[in-house]
$ cat target-v5.txt   # compact mmCIF, C-alpha atoms
# COMPACT_ATOMS: atom_id res chain seq x y z
CA MET A 23 -27.00 -41.29 -47.01
CA PRO A 24 -29.55 -40.50 -49.72
CA ALA A 25 -32.91 -42.27 -49.77
CA SER A 26 -33.26 -45.47 -51.80
CA LYS A 27 -34.75 -45.25 -55.28
CA ALA A 28 -37.94 -46.94 -54.02
CA GLU A 29 -38.28 -44.34 -51.25
CA GLN A 30 -37.65 -41.51 -53.70
CA VAL A 31 -40.38 -42.90 -55.98
CA LEU A 32 -42.86 -43.18 -53.10
CA ASP A 33 -42.05 -39.65 -51.87
CA ALA A 34 -42.54 -38.26 -55.38
CA LEU A 35 -45.84 -40.10 -55.76
CA LYS A 36 -47.04 -38.72 -52.42
CA ALA A 37 -46.03 -35.21 -53.50
CA LEU A 38 -48.09 -35.64 -56.70
CA LEU A 39 -51.11 -36.77 -54.68
CA GLU A 40 -50.73 -33.78 -52.38
CA THR A 41 -51.60 -31.54 -55.34
CA VAL A 42 -55.19 -32.85 -55.20
CA PRO A 43 -57.20 -29.93 -53.78
CA ASP A 44 -58.97 -30.32 -50.41
CA ALA A 45 -58.00 -33.99 -49.91
CA VAL A 46 -55.83 -35.12 -47.03
CA VAL A 47 -52.93 -37.31 -48.17
CA GLU A 48 -51.17 -39.70 -45.78
CA ARG A 49 -48.71 -42.53 -46.19
CA ASN A 50 -49.11 -45.94 -44.53
CA SER A 51 -51.43 -44.55 -41.86
CA VAL A 52 -54.38 -46.21 -40.18
CA LEU A 53 -57.88 -45.20 -41.18
CA PRO A 54 -59.08 -42.41 -38.87
CA GLU A 55 -62.48 -42.45 -37.19
CA LYS A 56 -63.62 -39.46 -39.26
CA ILE A 57 -62.90 -38.95 -42.96
CA PRO A 58 -61.87 -35.34 -43.78
CA ASP A 59 -64.43 -33.28 -45.74
CA GLY A 60 -62.36 -33.20 -48.95
CA GLY A 61 -61.69 -36.94 -48.84
CA LEU A 62 -58.77 -39.02 -47.66
CA ILE A 63 -56.00 -40.54 -49.77
CA ILE A 64 -53.68 -43.08 -48.15
CA LEU A 65 -50.59 -44.13 -50.07
CA ARG A 66 -49.44 -47.67 -49.21
CA ASP A 67 -45.90 -48.75 -50.08
CA GLY A 68 -47.21 -51.79 -51.96
CA ASP A 69 -45.12 -54.50 -53.58
CA PRO A 70 -41.93 -53.68 -55.50
CA GLY A 71 -42.18 -57.02 -57.27
CA GLU A 72 -39.34 -59.24 -58.33
CA PRO A 73 -36.24 -57.45 -59.57
CA GLU A 74 -35.30 -57.95 -63.20
CA GLN A 75 -31.76 -57.53 -64.45
CA ALA A 76 -30.33 -57.12 -67.90
CA LEU A 77 -28.93 -60.23 -69.55
CA GLY A 78 -25.69 -61.31 -67.96
CA GLY A 79 -26.64 -59.87 -64.57
CA PHE A 80 -24.73 -56.63 -65.11
CA GLY A 81 -26.05 -53.11 -64.91
CA SER A 82 -29.30 -51.79 -63.54
CA THR A 83 -32.13 -53.60 -61.79
CA TYR A 84 -35.67 -52.95 -63.03
CA TYR A 85 -38.83 -52.92 -60.93
CA GLN A 86 -42.55 -52.81 -61.59
CA HIS A 87 -43.58 -51.52 -58.19
CA ALA A 88 -47.32 -51.95 -57.47
CA VAL A 89 -48.26 -49.10 -55.12
CA GLU A 90 -51.71 -48.94 -53.55
CA ILE A 91 -53.66 -45.71 -53.23
CA GLU A 92 -56.68 -45.97 -50.95
CA VAL A 93 -59.40 -43.39 -51.52
CA TYR A 94 -62.12 -42.57 -48.95
CA VAL A 95 -65.08 -40.18 -49.14
CA GLU A 96 -67.76 -39.69 -46.51
CA GLU A 97 -70.87 -37.72 -47.43
CA GLY A 98 -74.42 -37.44 -46.11
CA ASP A 99 -76.38 -38.98 -48.97
CA ALA A 100 -75.60 -41.43 -51.74
CA ALA A 101 -75.79 -38.92 -54.60
CA ALA A 102 -73.41 -36.45 -52.93
CA ARG A 103 -71.07 -39.27 -51.93
CA ASP A 104 -70.98 -40.67 -55.47
CA ALA A 105 -70.32 -37.24 -56.98
CA ALA A 106 -67.57 -36.42 -54.45
CA PHE A 107 -65.95 -39.82 -54.95
CA ASP A 108 -65.97 -39.50 -58.74
CA ALA A 109 -64.54 -35.98 -58.54
CA LEU A 110 -61.77 -37.15 -56.20
CA LEU A 111 -60.83 -40.04 -58.53
CA GLN A 112 -60.72 -37.65 -61.49
CA GLN A 113 -58.46 -35.28 -59.54
CA ILE A 114 -56.15 -38.16 -58.61
CA GLY A 115 -56.00 -39.20 -62.27
CA ALA A 116 -55.17 -35.64 -63.32
CA ALA A 117 -52.41 -35.45 -60.68
CA LEU A 118 -50.89 -38.73 -61.85
CA GLU A 119 -51.03 -37.66 -65.50
CA ALA A 120 -49.37 -34.33 -64.66
CA ASP A 121 -46.01 -36.07 -64.07
CA PRO A 122 -46.08 -39.78 -65.00
CA THR A 123 -42.27 -40.04 -64.78
CA LEU A 124 -42.23 -38.60 -61.23
CA GLY A 125 -39.70 -35.96 -62.16
CA GLY A 126 -37.58 -38.42 -64.15
CA LEU A 127 -37.38 -41.06 -61.38
CA ALA A 128 -39.54 -43.55 -63.30
CA PHE A 129 -40.17 -44.69 -66.84
CA GLY A 130 -43.89 -44.19 -66.25
CA LEU A 131 -47.06 -45.12 -64.37
CA THR A 132 -49.94 -47.42 -65.27
CA TYR A 133 -53.25 -47.73 -63.47
CA GLY A 134 -56.93 -48.40 -64.04
CA ARG A 135 -60.17 -47.36 -62.43
CA PRO A 136 -60.72 -49.13 -59.08
CA GLU A 137 -63.79 -51.02 -57.94
CA PRO A 138 -65.57 -48.94 -55.27
CA ALA A 139 -67.11 -50.27 -52.07
CA ILE A 140 -69.54 -48.79 -49.55
CA GLU A 141 -68.79 -49.13 -45.84
CA VAL A 142 -71.75 -48.61 -43.53
CA VAL A 143 -70.97 -46.77 -40.30
CA ALA A 144 -73.55 -46.90 -37.50
CA GLY A 145 -74.80 -43.42 -36.66
CA ALA A 146 -72.70 -41.70 -39.36
CA PRO A 147 -72.73 -41.22 -43.13
CA ALA A 148 -71.54 -44.18 -45.17
CA ILE A 149 -68.00 -44.20 -46.52
CA LYS A 150 -67.27 -44.87 -50.17
CA SER A 151 -63.82 -46.28 -50.74
CA ALA A 152 -61.62 -47.96 -53.30
CA THR A 153 -58.04 -49.10 -53.73
CA LEU A 154 -56.29 -47.88 -56.85
CA THR A 155 -53.20 -49.88 -57.82
CA VAL A 156 -50.57 -47.81 -59.59
CA THR A 157 -47.63 -49.63 -61.15
CA VAL A 158 -44.44 -47.59 -61.28
CA ASP A 159 -41.70 -48.77 -63.66
CA TYR A 160 -38.21 -47.70 -62.63
CA GLU A 161 -34.60 -48.81 -62.55
CA THR A 162 -31.90 -48.61 -59.92
CA ASP A 163 -28.20 -49.38 -59.86
CA ALA A 164 -28.52 -51.35 -56.60
CA PRO A 165 -31.60 -53.42 -55.65
CA LEU A 166 -31.65 -52.16 -52.06
CA ALA A 167 -30.62 -48.58 -52.80

$ encode --input "target-v5.txt" --output "structure tokens"
Amino acid sequence: MPASKAEQVLDALKALLETVPDAVVERNSVLPEKIPDGGLIILRDGDPGEPEQALGGFGSTYYQHAVEIEVYVEEGDAAARDAAFDALLQQIGAALEADPTLGGLAFGLTYGRPEPAIEVVAGAPAIKSATLTVTVDYETDAPLA
């Protein structure tokens, strides 16, 4: 049985994120004790939202699926951390813009710049993180397929 449309969309989004150089990309994983040198991107399945159907209830079902992309960077000092974090966000943006229809699976993607946070780690460099919400607009012939 082929994967559902939602699963296909999430797999395609993960594949796009995997084009970001040097970053480790995972899906629905727990935060490791050590952030990889090139940064860590965790794709969370998010919320597919309420299905919308065409008038009359016939035909395709439309979704605005809010997917979360968590971004983590760990560097020795604040200036290096800020620069690495900004570079990683720019690379993620470039990856998303490279194929906003996810190979024709979606109508498009929308997203904005996330609000960063600093997490202090005792005895280790601080971690700069943010959650980027990407909304994927797509349709499917069956809500659960």

$ residues_around --input "target-v5.txt" --residues "Val143 in chain A" --least-positions-apart "4" --cutoff "12 Å" --atoms "only C-alpha atoms" --output "number ranges by chain"
A: 55-57, 96-98, 147-150

$ atom_distance --input "target-v5.txt" --atom1 "CA of Pro24 in chain A" --atom2 "CA of Gly126 in chain A"
16.6 Å

$ closest_residue --input "target-v5.txt" --among "A:Phe129, A:Tyr94, A:Tyr160, A:Phe107" --to "Leu65 in chain A" --atoms "all atoms listed in the file"
A:Tyr94

$ closest_residue --input "target-v5.txt" --among "A:Glu90, A:Asp44, A:Asp59, A:Asp33" --to "Leu154 in chain A" --atoms "all atoms listed in the file"
A:Glu90

$ residues_near_point --input "target-v5.txt" --point "(-55.9, -40.6, -47.5)" --cutoff "9 Å" --atoms "only C-alpha atoms" --output "list in words"
Ala45, Val46, Val47, Glu48, Arg49, Ser51, Leu53, Ile57, Pro58, Gly61, Leu62, Ile63, Ile64, Leu65, Ile91, Glu92, Val93 and Tyr94 of chain A

$ atom_distance --input "target-v5.txt" --atom1 "CA of Glu72 in chain A" --atom2 "CA of Ala88 in chain A"
10.8 Å

$ axis_aligned_box --input "target-v5.txt" --around "range 149-156 of chain A" --padding-each-side "5 Å" --output "JSON"
{"center_x": -59.3, "center_y": -47.0, "center_z": -53.1, "size_x": 27.4, "size_y": 15.7, "size_z": 23.1}

$ atom_distance --input "target-v5.txt" --atom1 "CA of Lys27 in chain A" --atom2 "CA of Leu124 in chain A"
11.6 Å

$ closest_residue --input "target-v5.txt" --among "A:Ser82, A:Gln30, A:Gln113, A:Thr41" --to "Val158 in chain A" --atoms "only C-alpha atoms"
A:Gln30

$ closest_residue --input "target-v5.txt" --among "A:Leu127, A:Pro54, A:Ala102, A:Ala28" --to "Gly71 in chain A" --atoms "only C-alpha atoms"
A:Ala28

$ build_atoms --input "target-v5.txt" --residues "range 46-57 of chain A" --atoms "all heavy atoms" --output "PDB file, in the coordinates of the input"
ATOM      1  N   VAL A  46     -56.929 -34.868 -47.943  1.00  0.00           N
ATOM      2  CA  VAL A  46     -55.830 -35.120 -47.030  1.00  0.00           C
ATOM      3  C   VAL A  46     -55.078 -36.338 -47.537  1.00  0.00           C
ATOM      4  O   VAL A  46     -55.693 -37.358 -47.839  1.00  0.00           O
ATOM      5  CB  VAL A  46     -56.349 -35.352 -45.587  1.00  0.00           C
ATOM      6  CG1 VAL A  46     -55.222 -35.783 -44.663  1.00  0.00           C
ATOM      7  CG2 VAL A  46     -57.040 -34.109 -45.057  1.00  0.00           C
ATOM      8  N   VAL A  47     -53.752 -36.218 -47.657  1.00  0.00           N
ATOM      9  CA  VAL A  47     -52.930 -37.310 -48.170  1.00  0.00           C
ATOM     10  C   VAL A  47     -52.012 -37.784 -47.036  1.00  0.00           C
ATOM     11  O   VAL A  47     -51.319 -36.983 -46.412  1.00  0.00           O
ATOM     12  CB  VAL A  47     -52.082 -36.867 -49.377  1.00  0.00           C
ATOM     13  CG1 VAL A  47     -51.199 -38.003 -49.878  1.00  0.00           C
ATOM     14  CG2 VAL A  47     -52.974 -36.346 -50.491  1.00  0.00           C
ATOM     15  N   GLU A  48     -52.022 -39.095 -46.798  1.00  0.00           N
ATOM     16  CA  GLU A  48     -51.170 -39.700 -45.780  1.00  0.00           C
ATOM     17  C   GLU A  48     -50.472 -40.903 -46.381  1.00  0.00           C
ATOM     18  O   GLU A  48     -50.885 -41.419 -47.415  1.00  0.00           O
ATOM     19  CB  GLU A  48     -51.990 -40.103 -44.563  1.00  0.00           C
ATOM     20  CG  GLU A  48     -52.659 -38.922 -43.872  1.00  0.00           C
ATOM     21  CD  GLU A  48     -53.492 -39.308 -42.675  1.00  0.00           C
ATOM     22  OE1 GLU A  48     -53.563 -40.507 -42.342  1.00  0.00           O
ATOM     23  OE2 GLU A  48     -54.078 -38.402 -42.060  1.00  0.00           O
ATOM     24  N   ARG A  49     -49.442 -41.352 -45.706  1.00  0.00           N
ATOM     25  CA  ARG A  49     -48.710 -42.530 -46.190  1.00  0.00           C
ATOM     26  C   ARG A  49     -48.680 -43.583 -45.086  1.00  0.00           C
ATOM     27  O   ARG A  49     -48.255 -43.310 -43.972  1.00  0.00           O
ATOM     28  CB  ARG A  49     -47.293 -42.140 -46.598  1.00  0.00           C
ATOM     29  CG  ARG A  49     -46.510 -43.309 -47.143  1.00  0.00           C
ATOM     30  CD  ARG A  49     -45.232 -42.871 -47.798  1.00  0.00           C
ATOM     31  NE  ARG A  49     -44.382 -44.037 -47.997  1.00  0.00           N
ATOM     32  CZ  ARG A  49     -43.074 -43.994 -48.074  1.00  0.00           C
ATOM     33  NH1 ARG A  49     -42.453 -42.842 -48.014  1.00  0.00           N
ATOM     34  NH2 ARG A  49     -42.383 -45.103 -48.228  1.00  0.00           N
ATOM     35  N   ASN A  50     -49.143 -44.778 -45.415  1.00  0.00           N
ATOM     36  CA  ASN A  50     -49.110 -45.940 -44.530  1.00  0.00           C
ATOM     37  C   ASN A  50     -49.781 -45.694 -43.177  1.00  0.00           C
ATOM     38  O   ASN A  50     -49.386 -46.276 -42.178  1.00  0.00           O
ATOM     39  CB  ASN A  50     -47.671 -46.413 -44.316  1.00  0.00           C
ATOM     40  CG  ASN A  50     -47.036 -46.908 -45.576  1.00  0.00           C
ATOM     41  OD1 ASN A  50     -47.691 -47.550 -46.397  1.00  0.00           O
ATOM     42  ND2 ASN A  50     -45.773 -46.604 -45.772  1.00  0.00           N
ATOM     43  N   SER A  51     -50.771 -44.839 -43.131  1.00  0.00           N
ATOM     44  CA  SER A  51     -51.430 -44.550 -41.860  1.00  0.00           C
ATOM     45  C   SER A  51     -52.654 -45.452 -41.675  1.00  0.00           C
ATOM     46  O   SER A  51     -53.123 -46.084 -42.614  1.00  0.00           O
ATOM     47  CB  SER A  51     -51.841 -43.078 -41.796  1.00  0.00           C
ATOM     48  OG  SER A  51     -52.869 -42.822 -42.718  1.00  0.00           O
ATOM     49  N   VAL A  52     -53.150 -45.472 -40.457  1.00  0.00           N
ATOM     50  CA  VAL A  52     -54.380 -46.210 -40.180  1.00  0.00           C
ATOM     51  C   VAL A  52     -55.560 -45.316 -40.549  1.00  0.00           C
ATOM     52  O   VAL A  52     -55.451 -44.092 -40.574  1.00  0.00           O
ATOM     53  CB  VAL A  52     -54.470 -46.648 -38.697  1.00  0.00           C
ATOM     54  CG1 VAL A  52     -53.348 -47.599 -38.361  1.00  0.00           C
ATOM     55  CG2 VAL A  52     -54.452 -45.452 -37.777  1.00  0.00           C
ATOM     56  N   LEU A  53     -56.679 -45.935 -40.817  1.00  0.00           N
ATOM     57  CA  LEU A  53     -57.880 -45.200 -41.180  1.00  0.00           C
ATOM     58  C   LEU A  53     -58.408 -44.462 -39.945  1.00  0.00           C
ATOM     59  O   LEU A  53     -58.642 -45.081 -38.912  1.00  0.00           O
ATOM     60  CB  LEU A  53     -58.940 -46.153 -41.722  1.00  0.00           C
ATOM     61  CG  LEU A  53     -60.188 -45.533 -42.314  1.00  0.00           C
ATOM     62  CD1 LEU A  53     -59.848 -44.647 -43.503  1.00  0.00           C
ATOM     63  CD2 LEU A  53     -61.155 -46.618 -42.744  1.00  0.00           C
ATOM     64  N   PRO A  54     -58.572 -43.147 -40.030  1.00  0.00           N
ATOM     65  CA  PRO A  54     -59.080 -42.410 -38.870  1.00  0.00           C
ATOM     66  C   PRO A  54     -60.566 -42.674 -38.650  1.00  0.00           C
ATOM     67  O   PRO A  54     -61.246 -43.225 -39.512  1.00  0.00           O
ATOM     68  CB  PRO A  54     -58.833 -40.950 -39.255  1.00  0.00           C
ATOM     69  CG  PRO A  54     -58.881 -40.947 -40.743  1.00  0.00           C
ATOM     70  CD  PRO A  54     -58.328 -42.288 -41.169  1.00  0.00           C
ATOM     71  N   GLU A  55     -61.061 -42.269 -37.490  1.00  0.00           N
ATOM     72  CA  GLU A  55     -62.480 -42.450 -37.190  1.00  0.00           C
ATOM     73  C   GLU A  55     -63.359 -41.563 -38.048  1.00  0.00           C
ATOM     74  O   GLU A  55     -64.502 -41.902 -38.329  1.00  0.00           O
ATOM     75  CB  GLU A  55     -62.739 -42.182 -35.710  1.00  0.00           C
ATOM     76  CG  GLU A  55     -62.169 -43.256 -34.816  1.00  0.00           C
ATOM     77  CD  GLU A  55     -62.585 -43.086 -33.376  1.00  0.00           C
ATOM     78  OE1 GLU A  55     -63.645 -42.479 -33.108  1.00  0.00           O
ATOM     79  OE2 GLU A  55     -61.840 -43.560 -32.516  1.00  0.00           O
ATOM     80  N   LYS A  56     -62.852 -40.405 -38.455  1.00  0.00           N
ATOM     81  CA  LYS A  56     -63.620 -39.460 -39.260  1.00  0.00           C
ATOM     82  C   LYS A  56     -62.835 -39.167 -40.538  1.00  0.00           C
ATOM     83  O   LYS A  56     -61.645 -38.879 -40.503  1.00  0.00           O
ATOM     84  CB  LYS A  56     -63.827 -38.161 -38.465  1.00  0.00           C
ATOM     85  CG  LYS A  56     -64.487 -37.047 -39.230  1.00  0.00           C
ATOM     86  CD  LYS A  56     -65.988 -37.171 -39.219  1.00  0.00           C
ATOM     87  CE  LYS A  56     -66.635 -35.935 -39.815  1.00  0.00           C
ATOM     88  NZ  LYS A  56     -67.230 -36.133 -41.091  1.00  0.00           N
ATOM     89  N   ILE A  57     -63.511 -39.262 -41.666  1.00  0.00           N
ATOM     90  CA  ILE A  57     -62.900 -38.950 -42.960  1.00  0.00           C
ATOM     91  C   ILE A  57     -62.965 -37.430 -43.158  1.00  0.00           C
ATOM     92  O   ILE A  57     -64.019 -36.826 -42.975  1.00  0.00           O
ATOM     93  CB  ILE A  57     -63.651 -39.659 -44.114  1.00  0.00           C
ATOM     94  CG1 ILE A  57     -63.695 -41.172 -43.882  1.00  0.00           C
ATOM     95  CG2 ILE A  57     -63.022 -39.327 -45.457  1.00  0.00           C
ATOM     96  CD1 ILE A  57     -62.355 -41.836 -43.839  1.00  0.00           C
TER      97      ILE A  57
END
